[in-house]
>>> print(open('protein-v8.cif').read())   # mmCIF, C-alpha atoms
data_query
loop_
_atom_site.group_PDB
_atom_site.id
_atom_site.type_symbol
_atom_site.label_atom_id
_atom_site.label_comp_id
_atom_site.auth_asym_id
_atom_site.auth_seq_id
_atom_site.Cartn_x
_atom_site.Cartn_y
_atom_site.Cartn_z
ATOM 1 C CA MET A 1 19.641 7.521 16.291
ATOM 2 C CA ARG A 2 19.316 11.006 14.977
ATOM 3 C CA ASN A 3 15.784 12.398 15.196
ATOM 4 C CA ILE A 4 15.057 15.717 13.588
ATOM 5 C CA PHE A 5 11.613 17.099 14.316
ATOM 6 C CA ILE A 6 10.150 18.794 11.246
ATOM 7 C CA ILE A 7 7.328 21.254 11.738
ATOM 8 C CA PHE A 8 5.547 21.921 8.483
ATOM 9 C CA LEU A 9 4.469 25.522 9.061
ATOM 10 C CA ILE A 10 5.375 26.295 5.466
ATOM 11 C CA GLY A 11 3.310 23.467 3.983
ATOM 12 C CA PHE A 12 0.566 25.559 2.415
ATOM 13 C CA ILE A 13 -0.405 29.209 2.286
ATOM 14 C CA PHE A 14 -4.086 29.601 1.590
ATOM 15 C CA THR A 15 -5.666 32.594 -0.101
ATOM 16 C CA GLY A 16 -9.277 31.740 -0.858
ATOM 17 C CA CYS A 17 -9.082 28.613 -3.036
ATOM 18 C CA VAL A 18 -5.519 29.334 -4.176
ATOM 19 C CA PHE A 19 -2.547 27.696 -2.459
ATOM 20 C CA ARG A 20 1.186 27.548 -2.889
ATOM 21 C CA GLN A 21 3.113 24.362 -2.245
ATOM 22 C CA SER A 22 6.404 24.528 -0.399
ATOM 23 C CA PRO A 23 9.592 23.373 -2.135
ATOM 24 C CA TYR A 24 10.833 19.845 -1.530
ATOM 25 C CA ILE A 25 12.791 19.340 1.668
ATOM 26 C CA LYS A 26 15.571 16.744 1.723
ATOM 27 C CA MET A 27 15.646 14.666 4.899
ATOM 28 C CA GLU A 28 18.550 12.859 6.482
ATOM 29 C CA PRO A 29 18.105 9.236 7.628
ATOM 30 C CA TYR A 30 16.075 8.847 10.834
ATOM 31 C CA THR A 31 14.236 12.119 10.378
ATOM 32 C CA LYS A 32 10.972 12.340 12.313
ATOM 33 C CA ILE A 33 7.985 13.515 10.253
ATOM 34 C CA THR A 34 4.917 14.535 12.228
ATOM 35 C CA SER A 35 1.299 15.272 11.370
ATOM 36 C CA PRO A 36 -1.420 16.083 13.942
ATOM 37 C CA TYR A 37 -2.293 12.359 14.074
ATOM 38 C CA VAL A 38 0.867 10.291 13.589
ATOM 39 C CA HIS A 39 4.604 10.424 13.362
ATOM 40 C CA ILE A 40 7.046 8.213 11.494
ATOM 41 C CA ILE A 41 10.825 8.079 11.159
ATOM 42 C CA THR A 42 12.462 7.864 7.743
ATOM 43 C CA PRO A 43 14.626 4.805 6.957
ATOM 44 C CA GLY A 44 18.387 4.794 7.254
ATOM 45 C CA SER A 45 19.222 2.997 4.009
ATOM 46 C CA TYR A 46 21.063 4.638 1.100
ATOM 47 C CA HIS A 47 21.785 7.831 3.028
ATOM 48 C CA GLN A 48 23.438 9.339 -0.056
ATOM 49 C CA PHE A 49 19.995 9.418 -1.687
ATOM 50 C CA PRO A 50 17.746 11.067 0.937
ATOM 51 C CA PHE A 51 13.968 11.049 0.995
ATOM 52 C CA GLU A 52 12.257 14.309 0.104
ATOM 53 C CA THR A 53 8.968 15.799 1.284
ATOM 54 C CA SER A 54 6.990 18.910 0.476
ATOM 55 C CA GLY A 55 4.899 19.148 3.620
ATOM 56 C CA ILE A 56 1.669 17.856 5.106
ATOM 57 C CA HIS A 57 -1.117 17.700 2.514
ATOM 58 C CA ASP A 58 -4.918 17.447 2.390
ATOM 59 C CA ASN A 59 -5.742 19.712 5.311
ATOM 60 C CA LYS A 60 -2.761 18.443 7.322
ATOM 61 C CA THR A 61 -3.853 14.785 7.263
ATOM 62 C CA THR A 62 -1.391 13.289 4.748
ATOM 63 C CA ILE A 63 2.358 12.767 5.036
ATOM 64 C CA TYR A 64 3.979 12.350 1.620
ATOM 65 C CA PHE A 65 7.635 11.618 0.902
ATOM 66 C CA HIS A 66 9.583 10.029 -1.908
ATOM 67 C CA ARG A 67 13.024 9.363 -3.329
ATOM 68 C CA THR A 68 14.831 7.853 -6.303
ATOM 69 C CA ILE A 69 17.738 5.472 -5.814
ATOM 70 C CA PRO A 70 19.554 5.546 -9.162
ATOM 71 C CA ASN A 71 19.806 2.193 -10.952
ATOM 72 C CA MET A 72 17.381 0.662 -8.452
ATOM 73 C CA MET A 73 13.934 2.202 -7.922
ATOM 74 C CA LYS A 74 11.715 5.177 -7.235
ATOM 75 C CA GLN A 75 9.772 5.106 -3.934
ATOM 76 C CA ASP A 76 6.512 6.960 -3.187
ATOM 77 C CA ILE A 77 4.931 6.825 0.280
ATOM 78 C CA ASN A 78 1.677 8.456 1.490
ATOM 79 C CA ILE A 79 0.387 8.122 5.063
ATOM 80 C CA ARG A 80 -3.049 9.540 5.709
ATOM 81 C CA VAL A 81 -5.597 9.562 8.554
ATOM 82 C CA TRP A 82 -9.326 10.073 8.029
ATOM 83 C CA ASP A 83 -12.735 9.332 9.544
ATOM 84 C CA LEU A 84 -14.643 6.126 8.808
ATOM 85 C CA THR A 85 -18.390 5.642 8.550
ATOM 86 C CA LYS A 86 -20.145 2.934 10.534
ATOM 87 C CA ASP A 87 -20.762 0.797 7.453
ATOM 88 C CA SER A 88 -17.166 0.918 6.171
ATOM 89 C CA PHE A 89 -15.670 -2.440 5.226
ATOM 90 C CA GLU A 90 -12.585 -1.686 7.338
ATOM 91 C CA ASN A 91 -14.696 -1.627 10.522
ATOM 92 C CA ARG A 92 -14.626 -5.429 10.575
ATOM 93 C CA LEU A 93 -11.246 -5.007 12.257
ATOM 94 C CA LEU A 94 -12.869 -3.052 15.121
ATOM 95 C CA ASP A 95 -15.253 -5.906 15.981
ATOM 96 C CA LYS A 96 -13.322 -8.424 18.110
ATOM 97 C CA GLU A 97 -15.127 -11.481 16.744
ATOM 98 C CA LEU A 98 -14.772 -10.373 13.130
ATOM 99 C CA ASN A 99 -11.228 -9.205 13.839
ATOM 100 C CA ASP A 100 -10.194 -12.692 14.975
ATOM 101 C CA GLU A 101 -11.529 -14.168 11.730
ATOM 102 C CA PHE A 102 -10.346 -11.346 9.473
ATOM 103 C CA GLU A 103 -7.124 -12.937 8.210
ATOM 104 C CA GLU A 104 -8.884 -16.013 6.837
ATOM 105 C CA TYR A 105 -11.816 -13.953 5.557
ATOM 106 C CA PHE A 106 -9.614 -11.386 3.829
ATOM 107 C CA SER A 107 -7.190 -13.870 2.274
ATOM 108 C CA ASN A 108 -10.094 -15.857 0.799
ATOM 109 C CA LEU A 109 -12.111 -12.844 -0.336
ATOM 110 C CA PRO A 110 -12.890 -13.392 -4.048
ATOM 111 C CA LEU A 111 -12.341 -10.712 -6.643
ATOM 112 C CA THR A 112 -15.413 -8.645 -7.431
ATOM 113 C CA GLU A 113 -16.536 -8.148 -11.020
ATOM 114 C CA TRP A 114 -15.427 -4.531 -10.742
ATOM 115 C CA ARG A 115 -11.960 -5.638 -9.581
ATOM 116 C CA MET A 116 -11.616 -8.205 -12.379
ATOM 117 C CA ASN A 117 -12.570 -5.639 -15.020
ATOM 118 C CA ASN A 118 -10.336 -3.013 -13.459
ATOM 119 C CA ASN A 119 -7.371 -5.394 -13.239
ATOM 120 C CA MET A 120 -7.806 -6.449 -16.855
ATOM 121 C CA GLU A 121 -8.060 -2.870 -18.118
ATOM 122 C CA ARG A 122 -4.915 -1.807 -16.245
ATOM 123 C CA GLY A 123 -2.877 -4.921 -17.027
ATOM 124 C CA ILE A 124 -2.570 -6.113 -13.409
ATOM 125 C CA ASN A 125 -0.671 -9.399 -13.389
ATOM 126 C CA TYR A 126 -0.361 -9.902 -9.611
ATOM 127 C CA TYR A 127 -2.889 -9.214 -6.823
ATOM 128 C CA LYS A 128 -2.907 -10.326 -3.170
ATOM 129 C CA ASN A 129 -4.759 -9.636 0.106
ATOM 130 C CA TYR A 130 -3.221 -10.375 3.498
ATOM 131 C CA VAL A 131 -2.931 -9.138 7.079
ATOM 132 C CA ASP A 132 -0.151 -6.921 8.468
ATOM 133 C CA PHE A 133 0.546 -5.629 11.988
ATOM 134 C CA ILE A 134 1.496 -1.956 12.253
ATOM 135 C CA GLY A 135 1.630 0.360 15.269
ATOM 136 C CA GLY A 136 -0.007 -2.290 17.463
ATOM 137 C CA LEU A 137 -2.950 -2.681 15.062
ATOM 138 C CA LYS A 138 -4.094 -5.515 12.867
ATOM 139 C CA CYS A 139 -4.292 -4.139 9.342
ATOM 140 C CA GLY A 140 -5.351 -5.295 5.888
ATOM 141 C CA THR A 141 -3.039 -4.991 2.875
ATOM 142 C CA ASN A 142 -3.757 -5.153 -0.848
ATOM 143 C CA VAL A 143 -0.844 -5.380 -3.274
ATOM 144 C CA GLU A 144 -0.852 -5.303 -7.051
ATOM 145 C CA SER A 145 1.804 -5.274 -9.712
ATOM 146 C CA GLN A 146 1.834 -4.283 -13.344
ATOM 147 C CA ASN A 147 4.285 -3.647 -16.129
ATOM 148 C CA ILE A 148 3.259 -0.178 -17.175
ATOM 149 C CA ALA A 149 4.277 1.557 -20.383
ATOM 150 C CA ASP A 150 7.632 2.883 -21.538
ATOM 151 C CA GLY A 151 9.835 0.292 -19.828
ATOM 152 C CA ILE A 152 8.743 0.972 -16.237
ATOM 153 C CA GLY A 153 7.078 -1.555 -13.926
ATOM 154 C CA SER A 154 5.436 -0.886 -10.579
ATOM 155 C CA LYS A 155 4.304 -2.570 -7.404
ATOM 156 C CA LYS A 156 1.667 -0.801 -5.338
ATOM 157 C CA TYR A 157 0.627 -1.541 -1.740
ATOM 158 C CA TRP A 158 -2.372 -0.236 0.173
ATOM 159 C CA THR A 159 -2.549 -0.901 3.928
ATOM 160 C CA PHE A 160 -5.489 0.160 6.108
ATOM 161 C CA CYS A 161 -5.477 0.187 9.918
ATOM 162 C CA PRO A 162 -8.727 1.251 11.657
ATOM 163 C CA TYR A 163 -8.868 2.408 15.274
ATOM 164 C CA TYR A 164 -10.976 4.325 17.820
ATOM 165 C CA ASP A 165 -9.769 7.834 18.647
ATOM 166 C CA LYS A 166 -10.006 9.416 22.092
ATOM 167 C CA GLN A 167 -13.401 10.958 21.256
ATOM 168 C CA GLY A 168 -14.854 7.558 20.297
ATOM 169 C CA ASN A 169 -14.737 8.240 16.556
ATOM 170 C CA LEU A 170 -13.893 5.597 13.964
ATOM 171 C CA LYS A 171 -10.564 6.473 12.333
ATOM 172 C CA LEU A 172 -8.268 4.887 9.794
ATOM 173 C CA VAL A 173 -4.565 5.127 9.069
ATOM 174 C CA GLY A 174 -4.198 4.456 5.347
ATOM 175 C CA VAL A 175 -0.771 3.909 3.792
ATOM 176 C CA ASP A 176 -0.286 4.014 0.019
ATOM 177 C CA TYR A 177 3.272 2.933 -0.772
ATOM 178 C CA ARG A 178 4.795 1.864 -4.061
ATOM 179 C CA PHE A 179 8.007 1.426 -5.948
ATOM 180 C CA TYR A 180 8.865 1.688 -9.626
ATOM 181 C CA TYR A 181 11.618 -0.249 -11.341
ATOM 182 C CA THR A 182 12.927 -0.014 -14.893
ATOM 183 C CA PHE A 183 13.595 -2.514 -17.650
ATOM 184 C CA ASP A 184 13.839 -2.520 -21.441
ATOM 185 C CA ARG A 185 16.882 -0.188 -21.211
ATOM 186 C CA THR A 186 14.850 2.575 -19.558
ATOM 187 C CA LYS A 187 16.796 4.666 -17.042
ATOM 188 C CA PHE A 188 15.732 6.648 -13.988
ATOM 189 C CA GLU A 189 16.909 10.204 -13.693
ATOM 190 C CA GLY A 190 20.400 10.168 -12.180
ATOM 191 C CA GLY A 191 21.043 6.556 -13.153
ATOM 192 C CA ASP A 192 23.238 5.041 -15.819
ATOM 193 C CA ASP A 193 21.610 1.589 -16.052
ATOM 194 C CA PRO A 194 18.067 0.184 -15.917
ATOM 195 C CA SER A 195 17.361 -1.117 -12.411
ATOM 196 C CA LEU A 196 16.988 -4.732 -13.543
ATOM 197 C CA VAL A 197 20.492 -4.667 -15.035
ATOM 198 C CA ARG A 198 22.204 -4.120 -11.675
ATOM 199 C CA HIS A 199 19.557 -5.511 -9.328
ATOM 200 C CA ARG A 200 17.119 -8.381 -9.520
ATOM 201 C CA LEU A 201 13.487 -7.493 -8.910
ATOM 202 C CA GLN A 202 13.535 -9.622 -5.748
ATOM 203 C CA GLU A 203 16.429 -7.541 -4.385
ATOM 204 C CA ILE A 204 14.652 -4.270 -5.180
ATOM 205 C CA GLN A 205 11.456 -5.466 -3.532
ATOM 206 C CA LEU A 206 13.274 -6.690 -0.419
ATOM 207 C CA GLN A 207 15.007 -3.339 0.026
ATOM 208 C CA PHE A 208 11.703 -1.523 -0.374
ATOM 209 C CA LYS A 209 10.051 -3.730 2.249
ATOM 210 C CA LYS A 210 12.967 -3.263 4.643
ATOM 211 C CA ASP A 211 12.494 0.489 4.301
ATOM 212 C CA MET A 212 8.769 0.116 4.971
ATOM 213 C CA LYS A 213 9.470 -2.029 8.026
ATOM 214 C CA GLU A 214 11.583 0.770 9.505
ATOM 215 C CA ILE A 215 8.737 3.205 8.843
ATOM 216 C CA PHE A 216 6.000 0.931 10.195
ATOM 217 C CA ASP A 217 7.984 -0.054 13.292
ATOM 218 C CA SER A 218 8.456 3.645 14.089
ATOM 219 C CA ILE A 219 4.854 4.767 13.610
ATOM 220 C CA GLU A 220 3.008 6.265 16.558
ATOM 221 C CA ILE A 221 -0.685 7.227 16.459
ATOM 222 C CA TYR A 222 -1.322 10.227 18.715
ATOM 223 C CA ASP A 223 -5.116 10.263 18.942
ATOM 224 C CA MET A 224 -5.775 6.534 19.362
ATOM 225 C CA ASP A 225 -7.735 5.479 22.480
ATOM 226 C CA ARG A 226 -5.229 2.840 23.555
ATOM 227 C CA ASP A 227 -7.145 1.983 26.742
ATOM 228 C CA ARG A 228 -10.307 1.146 24.812
ATOM 229 C CA MET A 229 -8.396 -0.715 22.094
ATOM 230 C CA GLN A 230 -6.578 -2.726 24.777
ATOM 231 C CA LYS A 231 -9.781 -3.563 26.688
ATOM 232 C CA GLU A 232 -11.475 -4.743 23.499
ATOM 233 C CA GLY A 233 -8.525 -6.929 22.533
ATOM 234 C CA LEU A 234 -7.657 -4.876 19.480
ATOM 235 C CA LEU A 235 -3.990 -4.128 20.265
ATOM 236 C CA TYR A 236 -1.181 -6.520 19.328
ATOM 237 C CA ASP A 237 2.499 -6.978 20.104
ATOM 238 C CA GLU A 238 3.256 -8.261 16.593
ATOM 239 C CA LYS A 239 5.223 -6.126 14.148
ATOM 240 C CA TYR A 240 5.304 -5.783 10.388
ATOM 241 C CA SER A 241 6.708 -8.937 8.767
ATOM 242 C CA LEU A 242 8.710 -9.067 5.538
ATOM 243 C CA ASP A 243 7.326 -12.453 4.468
ATOM 244 C CA LYS A 244 3.547 -12.042 4.891
ATOM 245 C CA GLU A 245 3.127 -11.257 1.208
ATOM 246 C CA SER A 246 5.012 -14.331 0.006
ATOM 247 C CA LYS A 247 2.648 -16.610 1.960
ATOM 248 C CA ALA A 248 -0.539 -15.125 0.440
ATOM 249 C CA LYS A 249 -2.223 -16.432 -2.714
ATOM 250 C CA ASP A 250 -1.974 -14.471 -5.923
ATOM 251 C CA LYS A 251 -5.589 -13.785 -6.921
ATOM 252 C CA SER A 252 -4.780 -12.337 -10.323
ATOM 253 C CA MET A 253 -5.969 -14.073 -13.464
ATOM 254 C CA LYS A 254 -4.323 -15.060 -16.722
ATOM 255 C CA CYS A 255 -6.663 -14.300 -19.606
ATOM 256 C CA THR A 256 -6.867 -15.460 -23.210
ATOM 257 C CA PHE A 257 -9.035 -13.871 -25.873
ATOM 258 C CA ILE A 258 -11.147 -16.398 -27.797
ATOM 259 C CA LYS A 259 -11.764 -14.899 -31.215
ATOM 260 C CA GLU A 260 -14.449 -17.399 -32.260
ATOM 261 C CA SER A 261 -16.714 -16.506 -29.339
ATOM 262 C CA ASP A 262 -15.555 -12.879 -29.012
ATOM 263 C CA SER A 263 -14.930 -13.490 -25.316
ATOM 264 C CA TRP A 264 -12.274 -13.696 -22.647
ATOM 265 C CA ALA A 265 -11.404 -16.923 -20.812
ATOM 266 C CA CYS A 266 -9.446 -16.463 -17.589
ATOM 267 C CA VAL A 267 -7.941 -18.794 -14.993
ATOM 268 C CA GLY A 268 -6.543 -17.906 -11.583
ATOM 269 C CA ARG A 269 -2.753 -17.905 -11.391
ATOM 270 C CA GLU A 270 -2.755 -19.395 -7.891
ATOM 271 C CA THR A 271 -6.449 -20.056 -7.356
ATOM 272 C CA ASP A 272 -8.890 -22.552 -8.846
ATOM 273 C CA ILE A 273 -11.207 -19.888 -10.248
ATOM 274 C CA GLU A 274 -12.144 -19.947 -13.937
ATOM 275 C CA CYS A 275 -14.067 -17.050 -15.473
ATOM 276 C CA THR A 276 -15.385 -16.016 -18.871
ATOM 277 C CA LYS A 277 -17.015 -12.895 -20.241
ATOM 278 C CA LYS A 278 -17.975 -11.439 -23.575
ATOM 279 C CA ARG A 279 -15.577 -8.766 -24.807
ATOM 280 C CA VAL A 280 -18.291 -6.086 -24.960
ATOM 281 C CA GLU A 281 -19.792 -6.931 -21.549
ATOM 282 C CA ARG A 282 -18.745 -6.241 -17.957
ATOM 283 C CA LYS A 283 -20.384 -9.263 -16.342
ATOM 284 C CA TRP A 284 -18.326 -12.377 -15.612
ATOM 285 C CA GLU A 285 -19.385 -16.012 -15.298
ATOM 286 C CA CYS A 286 -17.117 -17.759 -12.789
ATOM 287 C CA THR A 287 -16.679 -21.189 -11.214
ATOM 288 C CA ASP A 288 -14.433 -22.110 -8.295
ATOM 289 C CA LYS A 289 -13.099 -25.623 -8.859
ATOM 290 C CA GLU A 290 -11.847 -25.825 -5.273
ATOM 291 C CA ARG A 291 -15.357 -25.304 -3.859
ATOM 292 C CA GLU A 292 -17.259 -27.541 -6.255
#
>>> encode(input="protein-v8.cif", output="structure tokens")
Amino acid sequence: MRNIFIIFLIGFIFTGCVFRQSPYIKMEPYTKITSPYVHIITPGSYHQFPFETSGIHDNKTTIYFHRTIPNMMKQDINIRVWDLTKDSFENRLLDKELNDEFEEYFSNLPLTEWRMNNNMERGINYYKNYVDFIGGLKCGTNVESQNIADGIGSKKYWTFCPYYDKQGNLKLVGVDYRFYYTFDRTKFEGGDDPSLVRHRLQEIQLQFKKDMKEIFDSIEIYDMDRDRMQKEGLLYDEKYSLDKESKAKDKSMKCTFIKESDSWACVGRETDIECTKKRVERKWECTDKERE
């Protein structure tokens, strides 16, 4: 495997509050990208369409890279490390007792009113929570999908992996990764067909997840206190799985506008939740048929 170590000394040049971003750098398959906290290795698929990066962002804490595979998809990947506060939701994964119960808790976590309103406003038609294993850590993943405007659809993943660093601080590796596909005769730059003409959505998604598996299986966290994590039972031998998402329940809701009552009536696509709300209000009234 070919590893090329990239040092991003040209990432940013600061002059007061003004900065200049470096040009995009094309990377061959199996290129190592390193920040002060983690490193990853880029996937080996579709070597004729290499990933590109422009450096380490946000005060050297974020790795960002992307690529477009013509007639298939556009991929965007951000990997960031930051500090957590003691009351952060993600800290449940750093408590052994809560960690053991996290998968069931997270998969059954109901949508908040804010999430329901936000999903409706953005046209989210698919939303799941489940557990992943990355870099020896148990992590939480949210995924959502929407058909956005102008013939382009998207699927967005957010994975969070908390850990203790060597100074005893609470840290989190957060990964924002997404792909865009085209339909309705829309074409990506460099392509001659919409992605769903040559590839089924399932094929596009599988390729994206295979790429992410290569990235996640390669990740190494430099400042993690592995001894402490091991002693507290917070390290795992499991790796990222391609089928975790398919086994989770879709928590999104299918909504119908009732003109007579000027309200929305929604039912869970794969849950037994039924909710209603007035069009001009934010508050929902919900019942869970499964728990009644």
>>> atom_distance(input="protein-v8.cif", atom1="atom CA of Lys32 of chain A", atom2="atom CA of Phe216 of chain A")
12.6 Å
>>> resolve_selection(input="protein-v8.cif", expression="the PyMOL selection byres ((chain A and resi 204) around 12)", output="ChimeraX atom specification")
/A:69-75,153-155,178-182,195-203,205-211
>>> closest_residue(input="protein-v8.cif", among="A:Phe106, A:Tyr46, A:Phe160, A:Phe51", to="Tyr24 of chain A", atoms="all atoms listed in the file")
A:Phe51
>>> atom_distance(input="protein-v8.cif", atom1="atom CA of Pro110 of chain A", atom2="atom CA of Leu235 of chain A")
27.5 Å
>>> resolve_selection(input="protein-v8.cif", expression="the PyMOL selection byres ((chain A and resi 283-286) around 10)", output="ChimeraX atom specification")
/A:112-114,116-117,264-267,273-282,287-289
>>> write_last_selection(input="protein-v8.cif", atoms="C-alpha atoms", output="mmCIF file, in the coordinates of the input")
data_model
loop_
_atom_site.group_PDB
_atom_site.id
_atom_site.type_symbol
_atom_site.label_atom_id
_atom_site.label_comp_id
_atom_site.auth_asym_id
_atom_site.auth_seq_id
_atom_site.Cartn_x
_atom_site.Cartn_y
_atom_site.Cartn_z
ATOM 1 C CA THR A 112 -15.413 -8.645 -7.431
ATOM 2 C CA GLU A 113 -16.536 -8.148 -11.020
ATOM 3 C CA TRP A 114 -15.427 -4.531 -10.742
ATOM 4 C CA MET A 116 -11.616 -8.205 -12.379
ATOM 5 C CA ASN A 117 -12.570 -5.639 -15.020
ATOM 6 C CA TRP A 264 -12.274 -13.696 -22.647
ATOM 7 C CA ALA A 265 -11.404 -16.923 -20.812
ATOM 8 C CA CYS A 266 -9.446 -16.463 -17.589
ATOM 9 C CA VAL A 267 -7.941 -18.794 -14.993
ATOM 10 C CA ILE A 273 -11.207 -19.888 -10.248
ATOM 11 C CA GLU A 274 -12.144 -19.947 -13.937
ATOM 12 C CA CYS A 275 -14.067 -17.050 -15.473
ATOM 13 C CA THR A 276 -15.385 -16.016 -18.871
ATOM 14 C CA LYS A 277 -17.015 -12.895 -20.241
ATOM 15 C CA LYS A 278 -17.975 -11.439 -23.575
ATOM 16 C CA ARG A 279 -15.577 -8.766 -24.807
ATOM 17 C CA VAL A 280 -18.291 -6.086 -24.960
ATOM 18 C CA GLU A 281 -19.792 -6.931 -21.549
ATOM 19 C CA ARG A 282 -18.745 -6.241 -17.957
ATOM 20 C CA THR A 287 -16.679 -21.189 -11.214
ATOM 21 C CA ASP A 288 -14.433 -22.110 -8.295
ATOM 22 C CA LYS A 289 -13.099 -25.623 -8.859
#
>>> closest_residue(input="protein-v8.cif", among="A:Glu103, A:Lys231, A:Asp165, A:Gly151", to="Thr186 of chain A", atoms="only C-alpha atoms")
A:Gly151
